[in-house]
>>> print(open('query30.cif').read())   # mmCIF, C-alpha atoms, pLDDT in the B column; chains and numbers go by the auth columns
data_run
#
loop_
_atom_site.group_PDB
_atom_site.id
_atom_site.type_symbol
_atom_site.label_atom_id
_atom_site.label_comp_id
_atom_site.label_asym_id
_atom_site.label_seq_id
_atom_site.Cartn_x
_atom_site.Cartn_y
_atom_site.Cartn_z
_atom_site.B_iso_or_equiv
_atom_site.auth_seq_id
_atom_site.auth_asym_id
ATOM 1 C CA MET A 1 -11.444 7.587 -9.715 89.00 1308 I
ATOM 2 C CA ILE A 2 -8.395 7.782 -12.000 90.00 1309 I
ATOM 3 C CA ILE A 3 -5.544 10.092 -10.982 91.00 1310 I
ATOM 4 C CA PHE A 4 -2.651 10.770 -13.330 90.00 1311 I
ATOM 5 C CA SER A 5 0.697 12.274 -12.245 90.00 1312 I
ATOM 6 C CA LEU A 6 3.551 13.531 -14.401 89.00 1313 I
ATOM 7 C CA ASN A 7 6.747 15.509 -13.923 88.00 1314 I
ATOM 8 C CA LEU A 8 6.564 17.397 -17.205 86.00 1315 I
ATOM 9 C CA ARG A 9 10.090 18.905 -17.211 78.00 1316 I
ATOM 10 C CA GLY A 10 8.708 22.024 -18.899 81.00 1317 I
ATOM 11 C CA GLY A 11 5.378 22.761 -20.587 77.00 1318 I
ATOM 12 C CA GLY A 12 6.531 25.263 -23.181 73.00 1319 I
ATOM 13 C CA SER A 13 6.333 22.851 -26.108 81.00 1320 I
ATOM 14 C CA ARG A 14 2.912 22.646 -27.742 85.00 1321 I
ATOM 15 C CA ALA A 15 3.705 19.158 -29.068 85.00 1322 I
ATOM 16 C CA LYS A 16 4.510 17.978 -25.538 86.00 1323 I
ATOM 17 C CA ARG A 17 1.296 19.514 -24.159 88.00 1324 I
ATOM 18 C CA LYS A 18 -0.783 17.782 -26.800 88.00 1325 I
ATOM 19 C CA ARG A 19 0.943 14.488 -26.034 88.00 1326 I
ATOM 20 C CA VAL A 20 -0.010 14.888 -22.351 90.00 1327 I
ATOM 21 C CA GLY A 21 -3.588 15.525 -23.469 91.00 1328 I
ATOM 22 C CA TYR A 22 -3.516 12.318 -25.475 91.00 1329 I
ATOM 23 C CA HIS A 23 -2.499 10.294 -22.408 89.00 1330 I
ATOM 24 C CA ILE A 24 -5.163 11.965 -20.256 92.00 1331 I
ATOM 25 C CA GLN A 25 -7.967 11.407 -22.746 92.00 1332 I
ATOM 26 C CA ARG A 26 -6.888 7.841 -23.511 91.00 1333 I
ATOM 27 C CA GLY A 27 -6.895 7.026 -19.806 89.00 1334 I
ATOM 28 C CA ASP A 28 -10.197 8.819 -19.111 92.00 1335 I
ATOM 29 C CA VAL A 29 -8.428 10.634 -16.263 93.00 1336 I
ATOM 30 C CA ASP A 30 -10.478 12.396 -13.574 95.00 1337 I
ATOM 31 C CA ILE A 31 -7.694 14.381 -11.893 96.00 1338 I
ATOM 32 C CA CYS A 32 -4.216 15.201 -13.176 95.00 1339 I
ATOM 33 C CA PHE A 33 -1.182 16.288 -11.109 96.00 1340 I
ATOM 34 C CA ILE A 34 1.498 18.000 -13.215 94.00 1341 I
ATOM 35 C CA GLN A 35 4.871 18.998 -11.772 94.00 1342 I
ATOM 36 C CA GLY A 36 7.630 21.052 -13.382 91.00 1343 I
ATOM 37 C CA THR A 37 5.559 23.201 -15.744 92.00 1344 I
ATOM 38 C CA LYS A 38 8.301 25.893 -15.758 90.00 1345 I
ATOM 39 C CA LEU A 39 5.467 28.296 -16.605 88.00 1346 I
ATOM 40 C CA SER A 40 3.973 31.396 -14.977 86.00 1347 I
ATOM 41 C CA GLY A 41 0.497 32.770 -15.552 84.00 1348 I
ATOM 42 C CA ILE A 42 -0.847 29.703 -17.359 88.00 1349 I
ATOM 43 C CA GLU A 43 -3.514 30.604 -19.905 88.00 1350 I
ATOM 44 C CA CYS A 44 -6.705 28.718 -20.694 92.00 1351 I
ATOM 45 C CA ASN A 45 -5.529 27.470 -24.095 91.00 1352 I
ATOM 46 C CA ILE A 46 -2.433 25.857 -22.556 91.00 1353 I
ATOM 47 C CA VAL A 47 -4.527 23.992 -19.984 94.00 1354 I
ATOM 48 C CA LYS A 48 -6.964 22.800 -22.661 93.00 1355 I
ATOM 49 C CA GLU A 49 -4.068 21.459 -24.744 92.00 1356 I
ATOM 50 C CA MET A 50 -2.691 19.591 -21.733 92.00 1357 I
ATOM 51 C CA TRP A 51 -6.097 18.170 -20.808 95.00 1358 I
ATOM 52 C CA GLY A 52 -7.118 17.333 -24.357 91.00 1359 I
ATOM 53 C CA ASP A 53 -10.470 19.186 -24.448 92.00 1360 I
ATOM 54 C CA ASN A 54 -12.242 22.144 -22.822 93.00 1361 I
ATOM 55 C CA GLN A 55 -14.099 20.184 -20.113 95.00 1362 I
ATOM 56 C CA VAL A 56 -11.495 21.047 -17.512 96.00 1363 I
ATOM 57 C CA GLU A 57 -10.929 23.177 -14.436 97.00 1364 I
ATOM 58 C CA TRP A 58 -7.550 23.858 -12.878 96.00 1365 I
ATOM 59 C CA SER A 59 -5.370 25.454 -10.230 96.00 1366 I
ATOM 60 C CA HIS A 60 -1.755 26.488 -10.780 96.00 1367 I
ATOM 61 C CA LEU A 61 1.315 27.454 -8.757 95.00 1368 I
ATOM 62 C CA ASP A 62 3.653 29.596 -10.853 93.00 1369 I
ATOM 63 C CA ALA A 63 7.219 28.567 -11.575 90.00 1370 I
ATOM 64 C CA ASN A 64 10.084 30.399 -9.896 84.00 1371 I
ATOM 65 C CA GLY A 65 11.942 31.734 -12.893 73.00 1372 I
ATOM 66 C CA ALA A 66 12.748 28.820 -15.180 70.00 1373 I
ATOM 67 C CA SER A 67 12.162 26.125 -12.572 78.00 1374 I
ATOM 68 C CA GLY A 68 9.238 24.629 -10.656 88.00 1375 I
ATOM 69 C CA GLY A 69 5.590 25.206 -11.405 93.00 1376 I
ATOM 70 C CA ILE A 70 2.687 22.943 -10.367 96.00 1377 I
ATOM 71 C CA LEU A 71 -0.602 22.418 -12.187 96.00 1378 I
ATOM 72 C CA THR A 72 -3.619 20.427 -11.016 97.00 1379 I
ATOM 73 C CA MET A 73 -6.414 19.780 -13.543 97.00 1380 I
ATOM 74 C CA TRP A 74 -9.708 17.963 -13.110 97.00 1381 I
ATOM 75 C CA LYS A 75 -12.849 17.074 -15.037 96.00 1382 I
ATOM 76 C CA LYS A 76 -15.346 19.871 -15.033 95.00 1383 I
ATOM 77 C CA ASP A 77 -18.013 19.288 -12.359 94.00 1384 I
ATOM 78 C CA PHE A 78 -16.158 16.212 -11.038 96.00 1385 I
ATOM 79 C CA PHE A 79 -16.324 17.707 -7.534 97.00 1386 I
ATOM 80 C CA ASN A 80 -17.221 20.973 -5.801 97.00 1387 I
ATOM 81 C CA LEU A 81 -14.142 23.070 -5.027 97.00 1388 I
ATOM 82 C CA ASN A 82 -14.233 24.672 -1.578 97.00 1389 I
ATOM 83 C CA PHE A 83 -10.843 26.389 -1.759 97.00 1390 I
ATOM 84 C CA SER A 84 -7.277 25.924 -2.952 97.00 1391 I
ATOM 85 C CA PHE A 85 -4.163 26.261 -0.815 98.00 1392 I
ATOM 86 C CA ARG A 86 -0.485 26.391 -1.613 96.00 1393 I
ATOM 87 C CA GLY A 87 2.959 26.618 -0.133 96.00 1394 I
ATOM 88 C CA GLU A 88 6.585 25.814 -0.763 95.00 1395 I
ATOM 89 C CA GLY A 89 6.574 22.692 -2.911 96.00 1396 I
ATOM 90 C CA TYR A 90 2.848 21.938 -2.990 97.00 1397 I
ATOM 91 C CA LEU A 91 -0.539 22.938 -4.415 98.00 1398 I
ATOM 92 C CA GLY A 92 -3.676 21.690 -2.675 98.00 1399 I
ATOM 93 C CA LEU A 93 -7.435 21.548 -3.171 98.00 1400 I
ATOM 94 C CA CYS A 94 -10.150 21.148 -0.562 98.00 1401 I
ATOM 95 C CA VAL A 95 -13.212 19.703 -2.294 98.00 1402 I
ATOM 96 C CA GLU A 96 -16.533 18.005 -1.638 97.00 1403 I
ATOM 97 C CA LYS A 97 -17.692 14.971 -3.580 96.00 1404 I
ATOM 98 C CA GLU A 98 -20.810 12.979 -2.800 94.00 1405 I
ATOM 99 C CA GLY A 99 -21.046 14.697 0.584 95.00 1406 I
ATOM 100 C CA LYS A 100 -17.464 13.840 1.588 96.00 1407 I
ATOM 101 C CA LEU A 101 -14.572 16.239 2.226 97.00 1408 I
ATOM 102 C CA ILE A 102 -11.366 15.468 0.322 98.00 1409 I
ATOM 103 C CA TYR A 103 -7.953 17.127 0.251 98.00 1410 I
ATOM 104 C CA PHE A 104 -5.933 16.645 -2.941 98.00 1411 I
ATOM 105 C CA VAL A 105 -2.302 17.782 -2.722 98.00 1412 I
ATOM 106 C CA ASN A 106 0.014 17.928 -5.735 98.00 1413 I
ATOM 107 C CA VAL A 107 3.635 17.843 -4.509 97.00 1414 I
ATOM 108 C CA TYR A 108 6.803 19.004 -6.269 95.00 1415 I
ATOM 109 C CA ALA A 109 9.341 18.942 -3.464 93.00 1416 I
ATOM 110 C CA SER A 110 12.715 20.657 -3.519 91.00 1417 I
ATOM 111 C CA CYS A 111 15.976 18.780 -3.989 86.00 1418 I
ATOM 112 C CA ASP A 112 17.153 20.497 -0.780 90.00 1419 I
ATOM 113 C CA LEU A 113 16.452 18.465 2.374 89.00 1420 I
ATOM 114 C CA THR A 114 15.839 21.531 4.564 92.00 1421 I
ATOM 115 C CA SER A 115 13.279 22.877 2.094 94.00 1422 I
ATOM 116 C CA ARG A 116 11.556 19.491 1.874 93.00 1423 I
ATOM 117 C CA LYS A 117 11.360 19.321 5.657 95.00 1424 I
ATOM 118 C CA ARG A 118 9.600 22.720 5.653 96.00 1425 I
ATOM 119 C CA THR A 119 7.119 21.360 3.104 97.00 1426 I
ATOM 120 C CA TRP A 120 6.373 18.320 5.261 96.00 1427 I
ATOM 121 C CA ASP A 121 5.963 20.512 8.373 97.00 1428 I
ATOM 122 C CA ARG A 122 3.605 22.980 6.632 98.00 1429 I
ATOM 123 C CA LEU A 123 1.373 20.192 5.319 98.00 1430 I
ATOM 124 C CA CYS A 124 1.169 18.603 8.764 98.00 1431 I
ATOM 125 C CA GLU A 125 0.275 21.985 10.281 98.00 1432 I
ATOM 126 C CA PHE A 126 -2.400 22.524 7.647 98.00 1433 I
ATOM 127 C CA LYS A 127 -3.956 19.127 8.324 97.00 1434 I
ATOM 128 C CA ASN A 128 -3.998 19.710 12.074 97.00 1435 I
ATOM 129 C CA ASN A 129 -5.638 23.133 11.677 97.00 1436 I
ATOM 130 C CA ASN A 130 -8.409 22.228 9.215 97.00 1437 I
ATOM 131 C CA SER A 131 -11.547 20.108 9.090 96.00 1438 I
ATOM 132 C CA LYS A 132 -11.170 16.345 8.965 96.00 1439 I
ATOM 133 C CA GLY A 133 -11.402 14.690 5.567 97.00 1440 I
ATOM 134 C CA SER A 134 -9.724 12.112 3.378 97.00 1441 I
ATOM 135 C CA TRP A 135 -6.346 12.864 1.818 97.00 1442 I
ATOM 136 C CA CYS A 136 -4.656 12.126 -1.505 96.00 1443 I
ATOM 137 C CA VAL A 137 -1.085 13.458 -1.644 97.00 1444 I
ATOM 138 C CA GLY A 138 0.808 12.700 -4.841 94.00 1445 I
ATOM 139 C CA GLY A 139 3.549 13.842 -7.166 93.00 1446 I
ATOM 140 C CA ASP A 140 7.327 14.216 -7.093 91.00 1447 I
ATOM 141 C CA PHE A 141 8.471 14.036 -3.458 92.00 1448 I
ATOM 142 C CA ASN A 142 12.209 13.915 -4.249 86.00 1449 I
ATOM 143 C CA SER A 143 12.441 11.528 -1.289 82.00 1450 I
ATOM 144 C CA VAL A 144 12.605 7.804 -0.702 80.00 1451 I
ATOM 145 C CA THR A 145 11.367 5.648 2.172 72.00 1452 I
ATOM 146 C CA SER A 146 14.194 3.089 2.104 70.00 1453 I
ATOM 147 C CA LEU A 147 17.699 2.624 0.737 70.00 1454 I
ATOM 148 C CA GLU A 148 16.289 0.021 -1.681 64.00 1455 I
ATOM 149 C CA GLU A 149 14.404 2.795 -3.506 61.00 1456 I
ATOM 150 C CA ARG A 150 17.679 4.247 -4.855 67.00 1457 I
ATOM 151 C CA ILE A 151 20.192 2.441 -7.075 63.00 1458 I
ATOM 152 C CA GLY A 152 23.518 3.732 -8.367 61.00 1459 I
ATOM 153 C CA ILE A 153 23.621 6.654 -5.914 61.00 1460 I
ATOM 154 C CA SER A 154 25.593 6.865 -2.673 58.00 1461 I
ATOM 155 C CA THR A 155 23.200 6.114 0.186 57.00 1462 I
ATOM 156 C CA ARG A 156 25.263 7.648 2.999 59.00 1463 I
ATOM 157 C CA SER A 157 23.529 11.043 2.797 63.00 1464 I
ATOM 158 C CA TYR A 158 19.966 9.707 2.535 72.00 1465 I
ATOM 159 C CA ARG A 159 19.344 8.377 6.026 79.00 1466 I
ATOM 160 C CA ARG A 160 18.142 11.763 7.355 82.00 1467 I
ATOM 161 C CA GLU A 161 15.934 12.156 4.286 85.00 1468 I
ATOM 162 C CA ILE A 162 14.381 8.720 4.829 86.00 1469 I
ATOM 163 C CA THR A 163 13.708 9.403 8.512 90.00 1470 I
ATOM 164 C CA SER A 164 12.146 12.808 7.808 92.00 1471 I
ATOM 165 C CA PHE A 165 9.957 11.495 4.987 92.00 1472 I
ATOM 166 C CA LYS A 166 8.746 8.455 6.929 93.00 1473 I
ATOM 167 C CA GLU A 167 7.880 10.692 9.897 95.00 1474 I
ATOM 168 C CA PHE A 168 5.871 12.918 7.550 96.00 1475 I
ATOM 169 C CA ILE A 169 3.906 9.943 6.190 96.00 1476 I
ATOM 170 C CA GLU A 170 3.234 8.725 9.734 96.00 1477 I
ATOM 171 C CA ASP A 171 2.229 12.165 11.062 97.00 1478 I
ATOM 172 C CA MET A 172 -0.146 12.667 8.126 97.00 1479 I
ATOM 173 C CA GLU A 173 -1.590 9.169 8.727 96.00 1480 I
ATOM 174 C CA LEU A 174 -1.110 8.170 5.107 96.00 1481 I
ATOM 175 C CA VAL A 175 -0.377 4.883 3.367 92.00 1482 I
ATOM 176 C CA ASP A 176 2.033 4.487 0.462 86.00 1483 I
ATOM 177 C CA LEU A 177 0.119 3.207 -2.565 76.00 1484 I
ATOM 178 C CA PRO A 178 2.061 0.293 -4.135 70.00 1485 I
ATOM 179 C CA THR A 179 3.191 0.718 -7.720 64.00 1486 I
ATOM 180 C CA ILE A 180 2.224 -1.597 -10.554 61.00 1487 I
ATOM 181 C CA GLY A 181 4.906 -2.322 -13.115 57.00 1488 I
ATOM 182 C CA GLY A 182 8.329 -0.688 -12.799 58.00 1489 I
ATOM 183 C CA LYS A 183 9.724 -0.194 -9.299 66.00 1490 I
ATOM 184 C CA PHE A 184 11.473 3.114 -10.087 54.00 1491 I
ATOM 185 C CA THR A 185 9.943 6.354 -11.388 56.00 1492 I
ATOM 186 C CA TRP A 186 13.157 8.243 -12.212 49.00 1493 I
ATOM 187 C CA ILE A 187 15.975 6.778 -14.294 53.00 1494 I
ATOM 188 C CA LYS A 188 19.096 8.683 -15.305 53.00 1495 I
ATOM 189 C CA SER A 189 19.721 8.879 -19.041 58.00 1496 I
ATOM 190 C CA ASN A 190 22.653 6.458 -18.814 62.00 1497 I
ATOM 191 C CA GLY A 191 20.449 3.924 -17.021 54.00 1498 I
ATOM 192 C CA LYS A 192 22.910 3.486 -14.133 58.00 1499 I
ATOM 193 C CA SER A 193 21.062 5.473 -11.471 61.00 1500 I
ATOM 194 C CA MET A 194 17.382 5.224 -10.560 61.00 1501 I
ATOM 195 C CA SER A 195 15.012 6.162 -7.747 62.00 1502 I
ATOM 196 C CA ARG A 196 11.414 5.910 -6.662 61.00 1503 I
ATOM 197 C CA ILE A 197 10.738 9.573 -5.876 66.00 1504 I
ATOM 198 C CA ASP A 198 7.196 9.780 -7.312 80.00 1505 I
ATOM 199 C CA ARG A 199 4.273 8.218 -5.456 86.00 1506 I
ATOM 200 C CA PHE A 200 0.745 8.567 -4.087 91.00 1507 I
ATOM 201 C CA LEU A 201 0.103 8.712 -0.355 95.00 1508 I
ATOM 202 C CA LEU A 202 -3.508 8.134 0.710 95.00 1509 I
ATOM 203 C CA SER A 203 -5.433 8.209 3.962 95.00 1510 I
ATOM 204 C CA ASP A 204 -7.199 5.006 4.951 91.00 1511 I
ATOM 205 C CA CYS A 205 -10.620 6.597 4.485 91.00 1512 I
ATOM 206 C CA PHE A 206 -9.694 7.699 0.960 92.00 1513 I
ATOM 207 C CA VAL A 207 -8.804 4.109 0.071 85.00 1514 I
ATOM 208 C CA GLU A 208 -12.074 2.906 1.588 85.00 1515 I
ATOM 209 C CA ASP A 209 -14.274 5.549 -0.054 85.00 1516 I
ATOM 210 C CA TRP A 210 -12.892 5.602 -3.594 82.00 1517 I
ATOM 211 C CA LYS A 211 -11.690 3.065 -6.080 73.00 1518 I
ATOM 212 C CA VAL A 212 -8.420 4.608 -7.220 68.00 1519 I
ATOM 213 C CA GLU A 213 -6.184 4.003 -10.195 61.00 1520 I
ATOM 214 C CA SER A 214 -2.950 5.996 -10.210 58.00 1521 I
ATOM 215 C CA GLN A 215 -0.665 6.364 -13.192 55.00 1522 I
ATOM 216 C CA TYR A 216 2.845 7.800 -13.366 53.00 1523 I
ATOM 217 C CA ILE A 217 4.743 8.179 -16.612 53.00 1524 I
ATOM 218 C CA GLY A 218 8.189 9.623 -17.191 51.00 1525 I
ATOM 219 C CA GLU A 219 9.010 12.626 -19.339 46.00 1526 I
ATOM 220 C CA ARG A 220 10.389 10.399 -22.101 43.00 1527 I
ATOM 221 C CA ASP A 221 6.870 9.040 -22.591 44.00 1528 I
ATOM 222 C CA VAL A 222 5.571 12.494 -23.547 41.00 1529 I
ATOM 223 C CA SER A 223 8.581 13.841 -25.416 35.00 1530 I
ATOM 224 C CA ASP A 224 8.045 15.365 -28.853 33.00 1531 I
ATOM 225 C CA HIS A 225 9.393 12.220 -30.502 29.00 1532 I
ATOM 226 C CA ALA A 226 7.761 9.550 -28.344 28.00 1533 I
ATOM 227 C CA PRO A 227 5.693 7.108 -30.422 29.00 1534 I
ATOM 228 C CA ILE A 228 2.008 6.634 -29.714 23.00 1535 I
#
>>> encode(input="query30.cif", output="structure tokens")
Amino acid sequence: MIIFSLNLRGGGSRAKRKRVGYHIQRGDVDICFIQGTKLSGIECNIVKEMWGDNQVEWSHLDANGASGGILTMWKKDFFNLNFSFRGEGYLGLCVEKEGKLIYFVNVYASCDLTSRKRTWDRLCEFKNNNSKGSWCVGGDFNSVTSLEERIGISTRSYRREITSFKEFIEDMELVDLPTIGGKFTWIKSNGKSMSRIDRFLLSDCFVEDWKVESQYIGERDVSDHAPI
């Protein structure tokens, strides 16, 4: 199973959408988590451009004005969709594949700590109130799990964030999937500040049941001028 995650920083550009489709098709991606679409009422042609062909199904959480927006896409017939669910900062799917129940959650958390805490609480409540299954929670969490995951930014204000986020991971009974390659997923344009705010969190049974490859690329990799 190959899962691809990207903070798009706006999906209004057709060239950018087609570049995303190139990455998805080249990687033979099964499921794609997109954050920051900045779009409302996504139409079929936009999704097909982002996926790269028409063999795709999707669920979308509209942007709030010119910000936000979450899109989850997957190969047609890759699994059976039971229902979708959504809330502040997340878009989820409850699916069945090969007789097993799976929850996929695409996260685009707020920069505001109080709002993020509400997101963590709502997801924990949802898990506690629904049928047991395996979990894959990925995307842009806007949070770190240690001071070492931020460079070039004052760490004094991040201790509460770290505690809250680590409690969420523990309460959800998830493991943090290690990254391959670069340690940081967000780098400021001047190169002086960087953070690991994008990640995949998986339940133990998800790791056991599925061979997973996760990919995260930054917005510069899909810009209109990025070379192939």
>>> residues_around(input="query30.cif", residues="Lys1404 of chain I", least_positions_apart="5", cutoff="10 Å", atoms="all atoms listed in the file", output="PyMOL selection string")
chain I and resi 1384-1388+1409
>>> resolve_selection(input="query30.cif", expression="the PyMOL selection byres ((chain I and resi 1327) around 8)", output="PyMOL selection string")
chain I and resi 1323-1326+1328-1331+1357-1359+1529
>>> resolve_selection(input="query30.cif", expression="the PyMOL selection byres ((chain I and resi 1378) around 10)", output="list in words")
Cys1339, Phe1340, Ile1341, Gln1342, Gly1343, Thr1344, Leu1346, Ile1349, Val1354, Trp1365, Ser1366, His1367, Leu1368, Asp1369, Ala1370, Gly1376, Ile1377, Thr1379, Met1380, Tyr1397, Leu1398, Asn1413 and Val1414 of chain I
>>> residues_around(input="query30.cif", residues="segment 1443-1450 of chain I", least_positions_apart="4", cutoff="6 Å", atoms="all atoms listed in the file", output="list of chain:residue names")
I:Phe1411, I:Val1412, I:Asn1413, I:Val1414, I:Tyr1415, I:Ala1416, I:Ile1504, I:Asp1505, I:Arg1506, I:Phe1507, I:Leu1508, I:Leu1509
>>> write_last_selection(input="query30.cif", atoms="C-alpha atoms", output="PDB file, in the frame of the given file")
ATOM      1  CA  PHE I1411      -5.933  16.645  -2.941  1.00 98.00           C
ATOM      2  CA  VAL I1412      -2.302  17.782  -2.722  1.00 98.00           C
ATOM      3  CA  ASN I1413       0.014  17.928  -5.735  1.00 98.00           C
ATOM      4  CA  VAL I1414       3.635  17.843  -4.509  1.00 97.00           C
ATOM      5  CA  TYR I1415       6.803  19.004  -6.269  1.00 95.00           C
ATOM      6  CA  ALA I1416       9.341  18.942  -3.464  1.00 93.00           C
ATOM      7  CA  ILE I1504      10.738   9.573  -5.876  1.00 66.00           C
ATOM      8  CA  ASP I1505       7.196   9.780  -7.312  1.00 80.00           C
ATOM      9  CA  ARG I1506       4.273   8.218  -5.456  1.00 86.00           C
ATOM     10  CA  PHE I1507       0.745   8.567  -4.087  1.00 91.00           C
ATOM     11  CA  LEU I1508       0.103   8.712  -0.355  1.00 95.00           C
ATOM     12  CA  LEU I1509      -3.508   8.134   0.710  1.00 95.00           C
TER      13      LEU I1509
END
>>> closest_residue(input="query30.cif", among="I:Lys1424, I:Gly1394, I:Trp1381, I:Ser1374", to="Ser1312 of chain I", atoms="only C-alpha atoms")
I:Trp1381
>>> closest_residue(input="query30.cif", among="I:Ser1453, I:Ser1347, I:Asn1389, I:Ser1510", to="Lys1434 of chain I", atoms="only C-alpha atoms")
I:Ser1510
>>> axis_aligned_box(input="query30.cif", around="segment 1349-1363 of chain I", padding_each_side="3 Å", output="JSON")
{"center_x": -7.5, "center_y": 24.0, "center_z": -21.1, "size_x": 19.3, "size_y": 19.3, "size_z": 13.4}
>>> atom_distance(input="query30.cif", atom1="atom CA of Leu1408 of chain I", atom2="atom CA of Ser1441 of chain I")
6.5 Å
>>> closest_residue(input="query30.cif", among="I:Phe1475, I:Trp1517, I:Tyr1465, I:Phe1392", to="Cys1431 of chain I", atoms="only C-alpha atoms")
I:Phe1475
>>> closest_residue(input="query30.cif", among="I:Cys1512, I:Lys1407, I:Asp1337, I:Glu1395", to="Lys1382 of chain I", atoms="only C-alpha atoms")
I:Asp1337
>>> residues_around(input="query30.cif", residues="Asp1511 of chain I", least_positions_apart="5", cutoff="9 Å", atoms="all atoms listed in the file", output="list in words")
Ser1441, Trp1442, Glu1480, Leu1481, Val1482 and Asp1516 of chain I
>>> atom_distance(input="query30.cif", atom1="atom CA of Lys1518 of chain I", atom2="atom CA of Ile1310 of chain I")
10.5 Å
